[in-house]
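So this one's start.csv, CSV, C-alpha atoms (C1' of nucleotides):
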chain,number,residue,atom,x,y,z
K,1,MET,CA,0.0,0.0,0.0
K,2,GLU,CA,1.4,3.4,-1.0
K,3,GLN,CA,1.0,6.5,1.1
K,4,TYR,CA,-0.7,9.6,-0.2
K,5,SER,CA,1.7,12.1,-1.7
K,6,THR,CA,0.8,15.8,-1.6
K,7,SER,CA,3.5,16.5,-4.1
K,8,CYS,CA,5.9,17.6,-1.4
K,9,THR,CA,9.3,15.9,-1.4
K,10,ALA,CA,9.9,16.2,2.4
K,11,GLU,CA,7.5,13.4,3.0
K,12,GLN,CA,9.4,11.1,0.7
K,13,ASP,CA,12.6,11.9,2.5
K,14,ILE,CA,11.0,11.2,5.9
K,15,ALA,CA,9.6,7.9,4.6
K,16,GLN,CA,13.0,7.0,3.4
K,17,LEU,CA,14.5,7.7,6.8
K,18,LEU,CA,12.0,5.6,8.6
K,19,ARG,CA,12.5,2.7,6.2
K,20,LYS,CA,16.2,2.9,6.9
K,21,GLN,CA,15.5,2.4,10.6
K,22,GLY,CA,13.3,-0.5,9.9
K,23,ILE,CA,10.0,1.4,10.5
K,24,ASN,CA,7.1,1.0,8.2
K,25,PRO,CA,6.3,4.6,7.0
K,26,THR,CA,2.6,4.8,7.5
K,27,GLN,CA,0.8,8.1,7.1
K,28,GLN,CA,0.5,8.7,10.8
K,29,ARG,CA,4.2,8.0,11.5
K,30,VAL,CA,5.4,10.2,8.6
K,31,GLU,CA,3.2,13.1,9.9
K,32,ILE,CA,4.6,12.7,13.4
K,33,ALA,CA,8.2,12.3,12.2
K,34,GLN,CA,7.9,15.4,10.0
K,35,ILE,CA,7.1,17.6,13.0
K,36,MET,CA,9.4,15.9,15.4
K,37,LEU,CA,12.5,15.7,13.2
K,38,ALA,CA,12.0,19.1,11.4
K,39,ARG,CA,14.7,20.5,13.6
K,40,PRO,CA,16.3,19.9,17.0
K,41,GLN,CA,13.6,20.5,19.6
K,42,HIS,CA,11.9,19.2,22.8
K,43,LEU,CA,8.2,18.5,22.6
K,44,SER,CA,5.7,16.7,24.8
K,45,ALA,CA,3.4,14.1,23.3
K,46,ASP,CA,0.6,16.6,23.8
K,47,GLN,CA,2.3,19.3,21.9
K,48,ILE,CA,3.0,16.9,19.0
K,49,LEU,CA,-0.6,15.9,19.0
K,50,GLY,CA,-1.7,19.5,18.7
K,51,MET,CA,0.8,20.3,15.9
K,52,VAL,CA,-0.1,17.2,13.9
K,53,ASN,CA,-3.8,17.8,14.1
K,54,ARG,CA,-3.6,21.5,13.5
K,55,GLU,CA,-3.5,20.8,9.8
K,56,HIS,CA,-4.4,17.2,9.1
K,57,ALA,CA,-6.5,16.1,12.2
K,58,THR,CA,-5.9,12.4,11.5
K,59,VAL,CA,-3.9,11.0,14.4
K,60,SER,CA,-5.2,9.9,17.8
K,61,LYS,CA,-3.5,10.5,21.1
K,62,ALA,CA,-2.7,6.8,21.6
K,63,THR,CA,-1.0,6.6,18.2
K,64,VAL,CA,1.2,9.6,19.1
K,65,TYR,CA,2.4,7.9,22.2
K,66,ASN,CA,2.9,4.5,20.6
K,67,THR,CA,4.7,6.1,17.6
K,68,LEU,CA,7.0,8.1,19.9
K,69,ARG,CA,7.8,5.0,21.9
K,70,LEU,CA,8.7,3.3,18.6
K,71,PHE,CA,11.0,6.2,17.6
K,72,VAL,CA,12.7,6.0,21.0
K,73,GLN,CA,13.3,2.3,20.6
K,74,HIS,CA,14.8,2.8,17.2
K,75,GLY,CA,17.0,5.7,18.4
K,76,LEU,CA,15.4,8.4,16.3
K,77,VAL,CA,14.6,10.5,19.3
K,78,HIS,CA,15.4,10.5,23.1
K,79,GLU,CA,13.2,10.7,26.1
K,80,VAL,CA,14.0,13.6,28.5
K,81,ILE,CA,12.6,13.0,32.0
K,82,VAL,CA,12.8,16.3,33.9
K,83,ASP,CA,9.2,17.0,34.8
K,84,PRO,CA,7.2,14.5,37.0
K,85,SER,CA,4.0,15.2,35.0
K,86,LYS,CA,5.2,14.6,31.4
K,87,VAL,CA,8.0,13.2,29.3
K,88,PHE,CA,9.7,15.3,26.6
K,89,TYR,CA,10.9,13.9,23.3
K,90,ASP,CA,14.2,15.3,22.0
K,91,SER,CA,15.1,15.1,18.4
K,92,ASN,CA,18.7,16.1,19.2
K,93,THR,CA,20.3,12.6,19.5
K,94,GLY,CA,23.9,13.8,19.9
K,95,ALA,CA,25.6,13.9,23.3
K,96,HIS,CA,24.3,16.8,25.3
K,97,HIS,CA,22.6,17.8,28.5
K,98,HIS,CA,19.8,20.0,29.7
K,99,ILE,CA,18.9,23.1,31.5
K,100,TYR,CA,15.3,23.0,32.8
K,101,ASN,CA,13.5,26.1,33.9
K,102,VAL,CA,11.0,25.0,36.6
K,103,ASP,CA,9.1,28.2,36.4
K,104,THR,CA,8.5,28.3,32.7
K,105,GLY,CA,8.8,24.6,31.8
K,106,MET,CA,11.3,25.5,29.2
K,107,LEU,CA,14.0,23.0,28.3
K,108,MET,CA,17.4,24.0,26.7
K,109,ASP,CA,20.4,22.1,25.5
K,110,ILE,CA,23.9,22.3,26.7
K,111,GLU,CA,26.4,20.8,24.3
K,112,ALA,CA,28.4,18.0,26.0
K,113,ASP,CA,31.7,19.7,25.4
K,114,GLN,CA,30.6,22.7,27.6
K,115,LEU,CA,30.3,20.4,30.5
K,116,ASN,CA,33.0,17.8,30.6
K,117,LEU,CA,32.1,15.0,33.0
K,118,PRO,CA,34.8,13.2,34.9
K,119,ALA,CA,35.4,9.5,34.6
K,120,MET,CA,32.4,7.2,35.4
K,121,PRO,CA,32.4,6.0,39.0
K,122,PRO,CA,32.4,2.2,39.6
K,123,LEU,CA,29.1,0.7,38.5
K,124,PRO,CA,27.4,-2.2,40.3
K,125,GLU,CA,28.4,-5.7,39.4
K,126,GLY,CA,26.8,-7.0,36.2
K,127,THR,CA,25.6,-3.7,34.9
K,128,VAL,CA,26.7,-1.5,32.0
K,129,ALA,CA,26.1,2.2,31.5
K,130,GLU,CA,23.5,3.1,29.0
K,131,GLY,CA,23.7,6.8,29.3
K,132,VAL,CA,24.2,9.8,31.6
K,133,ASP,CA,21.7,12.5,32.0
K,134,VAL,CA,22.6,15.8,33.5
K,135,ILE,CA,19.8,18.2,34.3
K,136,ILE,CA,20.5,21.7,35.7
K,137,ARG,CA,17.3,23.0,37.3
K,138,VAL,CA,17.0,26.8,37.2
K,139,ARG,CA,14.3,29.2,38.3
K,140,ASN,CA,13.7,32.9,37.5
K,141,SER,CA,15.6,35.2,39.7
K,142,HIS,CA,12.4,37.3,40.5
P,1,MET,CA,-4.6,19.4,70.3
P,2,GLU,CA,-2.2,16.5,71.3
P,3,GLN,CA,-1.5,13.5,69.2
P,4,TYR,CA,-1.9,10.0,70.5
P,5,SER,CA,1.2,8.6,72.1
P,6,THR,CA,1.8,4.8,72.1
P,7,SER,CA,4.6,5.1,74.7
P,8,CYS,CA,7.3,4.9,72.0
P,9,THR,CA,9.8,7.6,72.0
P,10,ALA,CA,10.6,7.6,68.3
P,11,GLU,CA,7.3,9.2,67.6
P,12,GLN,CA,8.2,12.0,69.9
P,13,ASP,CA,11.5,12.6,68.2
P,14,ILE,CA,9.8,12.7,64.7
P,15,ALA,CA,7.1,15.1,66.0
P,16,GLN,CA,9.9,17.3,67.3
P,17,LEU,CA,11.7,17.3,64.0
P,18,LEU,CA,8.5,18.2,62.1
P,19,ARG,CA,7.8,21.0,64.5
P,20,LYS,CA,11.3,22.3,64.0
P,21,GLN,CA,10.5,22.5,60.2
P,22,GLY,CA,7.3,24.4,60.9
P,23,ILE,CA,5.1,21.3,60.1
P,24,ASN,CA,2.2,20.5,62.4
P,25,PRO,CA,2.9,16.9,63.5
P,26,THR,CA,-0.5,15.2,62.9
P,27,GLN,CA,-0.8,11.5,63.3
P,28,GLN,CA,-0.7,10.9,59.5
P,29,ARG,CA,2.4,13.0,59.0
P,30,VAL,CA,4.3,11.4,61.8
P,31,GLU,CA,3.5,7.9,60.5
P,32,ILE,CA,4.7,8.8,57.0
P,33,ALA,CA,7.8,10.6,58.4
P,34,GLN,CA,8.7,7.6,60.6
P,35,ILE,CA,8.9,5.4,57.5
P,36,MET,CA,10.4,7.9,55.2
P,37,LEU,CA,13.1,9.2,57.5
P,38,ALA,CA,14.0,5.9,59.3
P,39,ARG,CA,17.1,5.7,57.1
P,40,PRO,CA,18.4,7.1,53.7
P,41,GLN,CA,16.2,5.4,51.1
P,42,HIS,CA,14.2,5.9,47.9
P,43,LEU,CA,10.5,5.2,48.0
P,44,SER,CA,7.6,5.8,45.7
P,45,ALA,CA,4.4,7.2,47.1
P,46,ASP,CA,2.8,3.8,46.5
P,47,GLN,CA,5.5,2.0,48.5
P,48,ILE,CA,5.0,4.4,51.3
P,49,LEU,CA,1.3,3.9,51.3
P,50,GLY,CA,1.8,0.2,51.5
P,51,MET,CA,4.3,0.4,54.4
P,52,VAL,CA,2.2,2.9,56.4
P,53,ASN,CA,-1.0,0.8,56.1
P,54,ARG,CA,0.8,-2.5,56.7
P,55,GLU,CA,0.4,-1.8,60.4
P,56,HIS,CA,-1.9,1.1,61.0
P,57,ALA,CA,-4.2,1.3,58.0
P,58,THR,CA,-5.2,4.9,58.6
P,59,VAL,CA,-3.7,7.0,55.8
P,60,SER,CA,-5.3,7.6,52.4
P,61,LYS,CA,-3.4,7.8,49.1
P,62,ALA,CA,-4.2,11.5,48.7
P,63,THR,CA,-2.7,12.3,52.1
P,64,VAL,CA,0.5,10.4,51.3
P,65,TYR,CA,0.9,12.5,48.2
P,66,ASN,CA,0.0,15.7,49.9
P,67,THR,CA,2.3,15.0,52.8
P,68,LEU,CA,5.2,14.1,50.7
P,69,ARG,CA,4.8,17.3,48.7
P,70,LEU,CA,4.8,19.2,52.0
P,71,PHE,CA,8.0,17.4,53.1
P,72,VAL,CA,9.6,18.4,49.7
P,73,GLN,CA,8.7,22.0,50.2
P,74,HIS,CA,10.2,22.0,53.6
P,75,GLY,CA,13.4,20.3,52.5
P,76,LEU,CA,12.9,17.1,54.5
P,77,VAL,CA,13.1,14.9,51.4
P,78,HIS,CA,14.0,15.3,47.7
P,79,GLU,CA,12.1,14.3,44.6
P,80,VAL,CA,14.1,12.1,42.2
P,81,ILE,CA,12.7,12.1,38.7
P,82,VAL,CA,14.2,9.1,36.8
P,83,ASP,CA,11.3,7.1,35.8
P,84,PRO,CA,8.5,8.5,33.5
P,85,SER,CA,5.9,6.6,35.4
P,86,LYS,CA,6.5,7.6,39.0
P,87,VAL,CA,8.4,9.9,41.3
P,88,PHE,CA,10.8,8.7,44.0
P,89,TYR,CA,11.2,10.4,47.3
P,90,ASP,CA,14.7,10.5,48.7
P,91,SER,CA,15.4,10.9,52.4
P,92,ASN,CA,19.1,11.5,51.7
P,93,THR,CA,19.1,15.3,51.4
P,94,GLY,CA,22.9,15.7,51.1
P,95,ALA,CA,24.6,16.5,47.8
P,96,HIS,CA,24.6,13.3,45.8
P,97,HIS,CA,23.6,11.8,42.5
P,98,HIS,CA,22.0,8.6,41.3
P,99,ILE,CA,22.5,5.4,39.4
P,100,TYR,CA,19.3,4.0,38.0
P,101,ASN,CA,19.0,0.4,36.8
P,102,VAL,CA,16.4,0.5,34.0
P,103,ASP,CA,15.9,-3.3,34.1
P,104,THR,CA,15.2,-3.6,37.8
P,105,GLY,CA,14.0,-0.1,38.7
P,106,MET,CA,16.6,0.0,41.5
P,107,LEU,CA,18.0,3.4,42.4
P,108,MET,CA,21.4,3.9,44.1
P,109,ASP,CA,23.2,6.8,45.5
P,110,ILE,CA,26.6,8.2,44.4
P,111,GLU,CA,28.2,10.6,46.8
P,112,ALA,CA,28.9,13.9,45.3
P,113,ASP,CA,32.6,13.7,45.9
P,114,GLN,CA,32.9,10.5,43.8
P,115,LEU,CA,31.8,12.6,40.8
P,116,ASN,CA,33.2,16.1,40.8
P,117,LEU,CA,31.3,18.2,38.4
P,118,PRO,CA,33.1,21.0,36.6
P,119,ALA,CA,32.0,24.6,36.9
P,120,MET,CA,28.5,25.5,35.9
P,121,PRO,CA,28.1,26.6,32.3
P,122,PRO,CA,26.6,30.0,31.7
P,123,LEU,CA,22.9,30.1,32.6
P,124,PRO,CA,20.2,32.0,30.7
P,125,GLU,CA,19.7,35.7,31.6
P,126,GLY,CA,17.5,36.2,34.7
P,127,THR,CA,17.8,32.6,36.0
P,128,VAL,CA,19.6,31.1,39.0
P,129,ALA,CA,20.6,27.5,39.5
P,130,GLU,CA,18.4,25.6,41.9
P,131,GLY,CA,20.2,22.2,41.7
P,132,VAL,CA,21.9,19.8,39.4
P,133,ASP,CA,20.7,16.2,38.9
P,134,VAL,CA,23.0,13.6,37.5
P,135,ILE,CA,21.5,10.2,36.6
P,136,ILE,CA,23.6,7.4,35.3
P,137,ARG,CA,21.3,4.9,33.6
P,138,VAL,CA,22.6,1.3,33.6
P,139,ARG,CA,21.1,-2.0,32.5
P,140,ASN,CA,22.0,-5.6,33.3
P,141,SER,CA,24.9,-6.9,31.1
P,142,HIS,CA,22.7,-9.8,29.7
B,1,DC,C1',-8.0,-17.6,4.2
B,2,DT,C1',-4.3,-17.0,7.6
B,3,DG,C1',-1.0,-14.3,9.9
B,4,DT,C1',1.3,-10.0,10.9
B,5,DG,C1',1.1,-5.3,11.8
B,6,DT,C1',-1.4,-0.8,12.8
B,7,DG,C1',-4.4,2.7,15.0
B,8,DC,C1',-7.3,4.0,18.5
B,9,DA,C1',-11.2,3.7,22.2
B,10,DA,C1',-11.2,2.4,26.5
B,11,DA,C1',-8.8,1.2,30.7
B,12,DG,C1',-5.2,1.9,34.1
B,13,DC,C1',-2.0,4.4,36.3
B,14,DT,C1',-0.2,8.4,39.3
B,15,DT,C1',-1.2,12.8,41.1
B,16,DT,C1',-4.2,17.0,42.1
B,17,DT,C1',-8.3,19.3,43.6
B,18,DG,C1',-12.4,20.6,46.1
B,19,DC,C1',-14.8,20.1,50.0
B,20,DA,C1',-16.4,18.3,54.5
B,21,DC,C1',-14.6,18.3,58.9
B,22,DT,C1',-11.8,19.4,62.8
B,23,DA,C1',-9.5,22.2,66.1
B,24,DC,C1',-8.3,26.3,67.8
B,25,DT,C1',-9.7,31.8,68.9
N,1,DA,C1',-19.7,31.9,65.8
N,2,DG,C1',-15.5,32.5,62.9
N,3,DT,C1',-11.2,31.1,60.9
N,4,DA,C1',-7.3,28.4,59.6
N,5,DG,C1',-5.6,24.1,58.6
N,6,DT,C1',-6.2,18.8,57.5
N,7,DG,C1',-7.5,14.5,55.3
N,8,DC,C1',-9.6,12.1,51.7
N,9,DA,C1',-13.2,11.0,47.9
N,10,DA,C1',-13.6,12.1,43.6
N,11,DA,C1',-11.7,14.3,39.4
N,12,DA,C1',-8.1,15.1,36.2
N,13,DG,C1',-4.3,14.0,33.4
N,14,DC,C1',-0.7,11.2,31.2
N,15,DT,C1',0.3,6.7,29.3
N,16,DT,C1',-0.6,1.7,28.1
N,17,DT,C1',-3.5,-2.1,26.7
N,18,DG,C1',-6.6,-4.9,24.1
N,19,DC,C1',-9.0,-5.4,20.2
N,20,DA,C1',-11.1,-4.4,15.6
N,21,DC,C1',-9.5,-3.6,11.2
N,22,DA,C1',-6.2,-3.6,7.2
N,23,DC,C1',-2.8,-5.6,4.4
N,24,DA,C1',0.5,-9.2,2.7
N,25,DG,C1',1.5,-13.7,1.6

Here is a file; write its structure as structure tokens.
Amino acid sequence: MEQYSTSCTAEQDIAQLLRKQGINPTQQRVEIAQIMLARPQHLSADQILGMVNREHATVSKATVYNTLRLFVQHGLVHEVIVDPSKVFYDSNTGAHHHIYNVDTGMLMDIEADQLNLPAMPPLPEGTVAEGVDVIIRVRNSH
Amino acid sequence: MEQYSTSCTAEQDIAQLLRKQGINPTQQRVEIAQIMLARPQHLSADQILGMVNREHATVSKATVYNTLRLFVQHGLVHEVIVDPSKVFYDSNTGAHHHIYNVDTGMLMDIEADQLNLPAMPPLPEGTVAEGVDVIIRVRNSH
DNA sequence: CTGTGTGCAAAGCTTTTGCACTACT
DNA sequence: AGTAGTGCAAAAGCTTTGCACACAG
């Protein structure tokens, strides 16, 4: 089954990218990927839902969640866990860390080379490191 | 109004501690604090609810959440946000970081002096740092 | 026709809110 | 009586699950 093409080439590129990751490029997945991967950014599932349905109105909440989980598993995006109430999805998959403004909810990147971490401490027996997250929490100074 | 006393001194000590922090030591708060502050540990609201009600069965879920939020505001415990699905409450309030095993859900401490962080990078205008969280995610090697 | 994969309504969590109640003034 | 503070049932919000449907072999 072929997907609709609205004569825009970007969709083709996205579809190609998904195929390369072993993901079947359905209409819903392409729409979500187009928004998510357009540029490095941090979005919650809710924000993505709103952006997808602003124009096309064809994707349900559950599908947004399931698709984002799929993208995380395939390494297309990263989860950023800074707020107890929601997960952010990050299309910048390079090594970097985060500044989180607890007043505004805004999330910013710090490139890894601006914050050199020392050597890893000894890990528990039988475990291997999967990643290191550094979150600098800031608030507005009045 | 005085709280019940079951002739145990620990309750008195906890009540004293809460008063020192400006928290009215009601029965529910003392019971939660007794479990939470018994030793340095990481517990979810659900685990605390289970432990409180194992013996006394007198505290509701909502009260556990509200009480823990109160304790966080008064600096008695810290929130640890590592898992998208639940918050952990940490009775170790000293400077330290965490190792999180994504397979088992286990959370361990790293003392701050085992992982010296370099100087803080420049923060956005009009913001001040509130804290830095470092989370090393590990998984079982097979 | 059978089996695999997809999308979404409904269910399942954790957490917050609004209100009845209590305890003090 | 009036007022401030407390605990919890019910509501809200985020995320996952189970199932109907679609498509490929």

Which chain K residues have any atom within 9 Å of an atom of chain B, and for each, what is the nearest pair of atoms with distance in Å to one decimal, counting only C-alpha atoms (C1' of nucleotides), rows sorted by chain and number, as JSON lines?
{"residue": "K:Thr26", "atom": "CA", "partner": "B:DT6", "partner_atom": "C1'", "distance": 8.7}
{"residue": "K:Gln28", "atom": "CA", "partner": "B:DG7", "partner_atom": "C1'", "distance": 8.8}
{"residue": "K:Val59", "atom": "CA", "partner": "B:DG7", "partner_atom": "C1'", "distance": 8.3}
{"residue": "K:Ser60", "atom": "CA", "partner": "B:DC8", "partner_atom": "C1'", "distance": 6.3}
{"residue": "K:Lys61", "atom": "CA", "partner": "B:DC8", "partner_atom": "C1'", "distance": 8.0}
{"residue": "K:Ala62", "atom": "CA", "partner": "B:DC8", "partner_atom": "C1'", "distance": 6.2}
{"residue": "K:Thr63", "atom": "CA", "partner": "B:DG7", "partner_atom": "C1'", "distance": 6.1}
{"residue": "K:Ser85", "atom": "CA", "partner": "B:DT15", "partner_atom": "C1'", "distance": 8.4}

Please save C-alpha atoms of the selected residues as a PDB file, in the frame of the given file.
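What landed in result12.pdb:
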ATOM      1  CA  THR K  26       2.600   4.800   7.500  1.00  0.00           C
ATOM      2  CA  GLN K  28       0.500   8.700  10.800  1.00  0.00           C
ATOM      3  CA  VAL K  59      -3.900  11.000  14.400  1.00  0.00           C
ATOM      4  CA  SER K  60      -5.200   9.900  17.800  1.00  0.00           C
ATOM      5  CA  LYS K  61      -3.500  10.500  21.100  1.00  0.00           C
ATOM      6  CA  ALA K  62      -2.700   6.800  21.600  1.00  0.00           C
ATOM      7  CA  THR K  63      -1.000   6.600  18.200  1.00  0.00           C
ATOM      8  CA  SER K  85       4.000  15.200  35.000  1.00  0.00           C
TER       9      SER K  85
END

Given 3 Å on each side, where is the centre and what are the edge lengths in Å to one decimal of the axis-aligned box enclosing the listed atoms of region 57-67 of chain P, as lines of an AutoDock Vina configuration file?
center_x = -1.5
center_y = 8.5
center_z = 53.4
size_x = 13.6
size_y = 20.4
size_z = 16.4

Report the closest atom pair, with its distance in Å rounded to one decimal, for each residue of chain N that has an atom no farther than 12 Å from chain P; count only C-alpha atoms (C1' of nucleotides), sort by chain and then rising residue number, and write it as a Markdown table.
| residue | atom | partner | partner_atom | distance |
| --- | --- | --- | --- | --- |
| N:DG5 | C1' | P:Asn24 | CA | 9.4 |
| N:DT6 | C1' | P:Thr26 | CA | 8.6 |
| N:DG7 | C1' | P:Thr63 | CA | 6.2 |
| N:DC8 | C1' | P:Ala62 | CA | 6.2 |
| N:DA9 | C1' | P:Ala62 | CA | 9.0 |
| N:DA10 | C1' | P:Ala62 | CA | 10.7 |
| N:DC14 | C1' | P:Ser85 | CA | 9.1 |
| N:DT15 | C1' | P:Ser85 | CA | 8.3 |
| N:DT16 | C1' | P:Ser85 | CA | 10.9 |

* **Expected answer as a PyMOL selection string: chain P residues within 7 Å of chain K, all atoms listed in the file** => chain P and resi 81-82+84+87+114-118+121+126-141

* Asked: Can you tell me how far CA of Arg54 (chain K) sits from CA of Ile35 (chain K), in Å to one decimal?
  ->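 About the pair CA of Arg54 (chain K) and CA of Ile35 (chain K): they are 11.4 Å apart.
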
Export: region 133-142 of chain K, all heavy atoms, as a PDB file, in the first residue's frame:
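New file selection.pdb:
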ATOM      1  N   ASP K 133      22.494  11.294  32.173  1.00  0.00           N
ATOM      2  CA  ASP K 133      21.677  12.496  31.997  1.00  0.00           C
ATOM      3  C   ASP K 133      22.074  13.514  33.041  1.00  0.00           C
ATOM      4  O   ASP K 133      22.130  13.202  34.228  1.00  0.00           O
ATOM      5  CB  ASP K 133      20.193  12.174  32.197  1.00  0.00           C
ATOM      6  CG  ASP K 133      19.669  11.247  31.124  1.00  0.00           C
ATOM      7  OD1 ASP K 133      20.411  10.960  30.171  1.00  0.00           O
ATOM      8  OD2 ASP K 133      18.516  10.802  31.254  1.00  0.00           O
ATOM      9  N   VAL K 134      22.341  14.726  32.588  1.00  0.00           N
ATOM     10  CA  VAL K 134      22.606  15.816  33.522  1.00  0.00           C
ATOM     11  C   VAL K 134      21.536  16.869  33.323  1.00  0.00           C
ATOM     12  O   VAL K 134      21.301  17.324  32.204  1.00  0.00           O
ATOM     13  CB  VAL K 134      23.998  16.431  33.290  1.00  0.00           C
ATOM     14  CG1 VAL K 134      24.222  17.587  34.257  1.00  0.00           C
ATOM     15  CG2 VAL K 134      25.083  15.380  33.451  1.00  0.00           C
ATOM     16  N   ILE K 135      20.874  17.231  34.388  1.00  0.00           N
ATOM     17  CA  ILE K 135      19.820  18.238  34.327  1.00  0.00           C
ATOM     18  C   ILE K 135      20.126  19.337  35.316  1.00  0.00           C
ATOM     19  O   ILE K 135      20.222  19.085  36.521  1.00  0.00           O
ATOM     20  CB  ILE K 135      18.452  17.625  34.667  1.00  0.00           C
ATOM     21  CG1 ILE K 135      18.100  16.553  33.644  1.00  0.00           C
ATOM     22  CG2 ILE K 135      17.374  18.707  34.696  1.00  0.00           C
ATOM     23  CD1 ILE K 135      17.282  15.446  34.230  1.00  0.00           C
ATOM     24  N   ILE K 136      20.318  20.544  34.799  1.00  0.00           N
ATOM     25  CA  ILE K 136      20.509  21.704  35.667  1.00  0.00           C
ATOM     26  C   ILE K 136      19.159  22.371  35.818  1.00  0.00           C
ATOM     27  O   ILE K 136      18.583  22.855  34.846  1.00  0.00           O
ATOM     28  CB  ILE K 136      21.532  22.680  35.065  1.00  0.00           C
ATOM     29  CG1 ILE K 136      22.870  21.964  34.879  1.00  0.00           C
ATOM     30  CG2 ILE K 136      21.676  23.913  35.946  1.00  0.00           C
ATOM     31  CD1 ILE K 136      23.932  22.812  34.224  1.00  0.00           C
ATOM     32  N   ARG K 137      18.634  22.338  37.039  1.00  0.00           N
ATOM     33  CA  ARG K 137      17.341  22.981  37.281  1.00  0.00           C
ATOM     34  C   ARG K 137      17.573  24.438  37.629  1.00  0.00           C
ATOM     35  O   ARG K 137      18.348  24.739  38.541  1.00  0.00           O
ATOM     36  CB  ARG K 137      16.632  22.284  38.442  1.00  0.00           C
ATOM     37  CG  ARG K 137      15.704  21.200  38.006  1.00  0.00           C
ATOM     38  CD  ARG K 137      15.320  20.288  39.144  1.00  0.00           C
ATOM     39  NE  ARG K 137      15.552  18.915  38.732  1.00  0.00           N
ATOM     40  CZ  ARG K 137      14.754  18.248  37.908  1.00  0.00           C
ATOM     41  NH1 ARG K 137      13.688  18.821  37.431  1.00  0.00           N
ATOM     42  NH2 ARG K 137      15.061  17.032  37.536  1.00  0.00           N
ATOM     43  N   VAL K 138      16.907  25.345  36.928  1.00  0.00           N
ATOM     44  CA  VAL K 138      17.019  26.770  37.231  1.00  0.00           C
ATOM     45  C   VAL K 138      15.630  27.335  37.475  1.00  0.00           C
ATOM     46  O   VAL K 138      14.626  26.737  37.097  1.00  0.00           O
ATOM     47  CB  VAL K 138      17.696  27.563  36.088  1.00  0.00           C
ATOM     48  CG1 VAL K 138      19.066  27.009  35.770  1.00  0.00           C
ATOM     49  CG2 VAL K 138      16.828  27.594  34.839  1.00  0.00           C
ATOM     50  N   ARG K 139      15.593  28.486  38.144  1.00  0.00           N
ATOM     51  CA  ARG K 139      14.324  29.216  38.253  1.00  0.00           C
ATOM     52  C   ARG K 139      14.585  30.684  38.011  1.00  0.00           C
ATOM     53  O   ARG K 139      15.730  31.151  38.087  1.00  0.00           O
ATOM     54  CB  ARG K 139      13.659  28.979  39.606  1.00  0.00           C
ATOM     55  CG  ARG K 139      14.500  29.398  40.778  1.00  0.00           C
ATOM     56  CD  ARG K 139      13.830  29.102  42.111  1.00  0.00           C
ATOM     57  NE  ARG K 139      14.809  29.174  43.187  1.00  0.00           N
ATOM     58  CZ  ARG K 139      15.344  30.304  43.649  1.00  0.00           C
ATOM     59  NH1 ARG K 139      14.997  31.468  43.135  1.00  0.00           N
ATOM     60  NH2 ARG K 139      16.248  30.280  44.613  1.00  0.00           N
ATOM     61  N   ASN K 140      13.533  31.433  37.723  1.00  0.00           N
ATOM     62  CA  ASN K 140      13.680  32.860  37.454  1.00  0.00           C
ATOM     63  C   ASN K 140      14.117  33.576  38.722  1.00  0.00           C
ATOM     64  O   ASN K 140      13.559  33.335  39.794  1.00  0.00           O
ATOM     65  CB  ASN K 140      12.353  33.442  36.964  1.00  0.00           C
ATOM     66  CG  ASN K 140      11.965  32.889  35.607  1.00  0.00           C
ATOM     67  OD1 ASN K 140      12.817  32.420  34.845  1.00  0.00           O
ATOM     68  ND2 ASN K 140      10.693  32.932  35.300  1.00  0.00           N
ATOM     69  N   SER K 141      15.110  34.469  38.594  1.00  0.00           N
ATOM     70  CA  SER K 141      15.585  35.237  39.748  1.00  0.00           C
ATOM     71  C   SER K 141      14.685  36.465  39.931  1.00  0.00           C
ATOM     72  O   SER K 141      15.071  37.578  39.647  1.00  0.00           O
ATOM     73  CB  SER K 141      17.035  35.673  39.532  1.00  0.00           C
ATOM     74  OG  SER K 141      17.184  36.261  38.254  1.00  0.00           O
ATOM     75  N   HIS K 142      13.466  36.247  40.310  1.00  0.00           N
ATOM     76  CA  HIS K 142      12.414  37.272  40.489  1.00  0.00           C
ATOM     77  C   HIS K 142      11.992  37.946  39.213  1.00  0.00           C
ATOM     78  O   HIS K 142      11.896  37.465  38.169  1.00  0.00           O
ATOM     79  CB  HIS K 142      12.841  38.349  41.476  1.00  0.00           C
ATOM     80  CG  HIS K 142      12.700  37.892  42.902  1.00  0.00           C
ATOM     81  ND1 HIS K 142      11.971  38.556  43.840  1.00  0.00           N
ATOM     82  CD2 HIS K 142      13.188  36.786  43.509  1.00  0.00           C
ATOM     83  CE1 HIS K 142      12.029  37.899  44.966  1.00  0.00           C
ATOM     84  NE2 HIS K 142      12.760  36.808  44.796  1.00  0.00           N
TER      85      HIS K 142
END
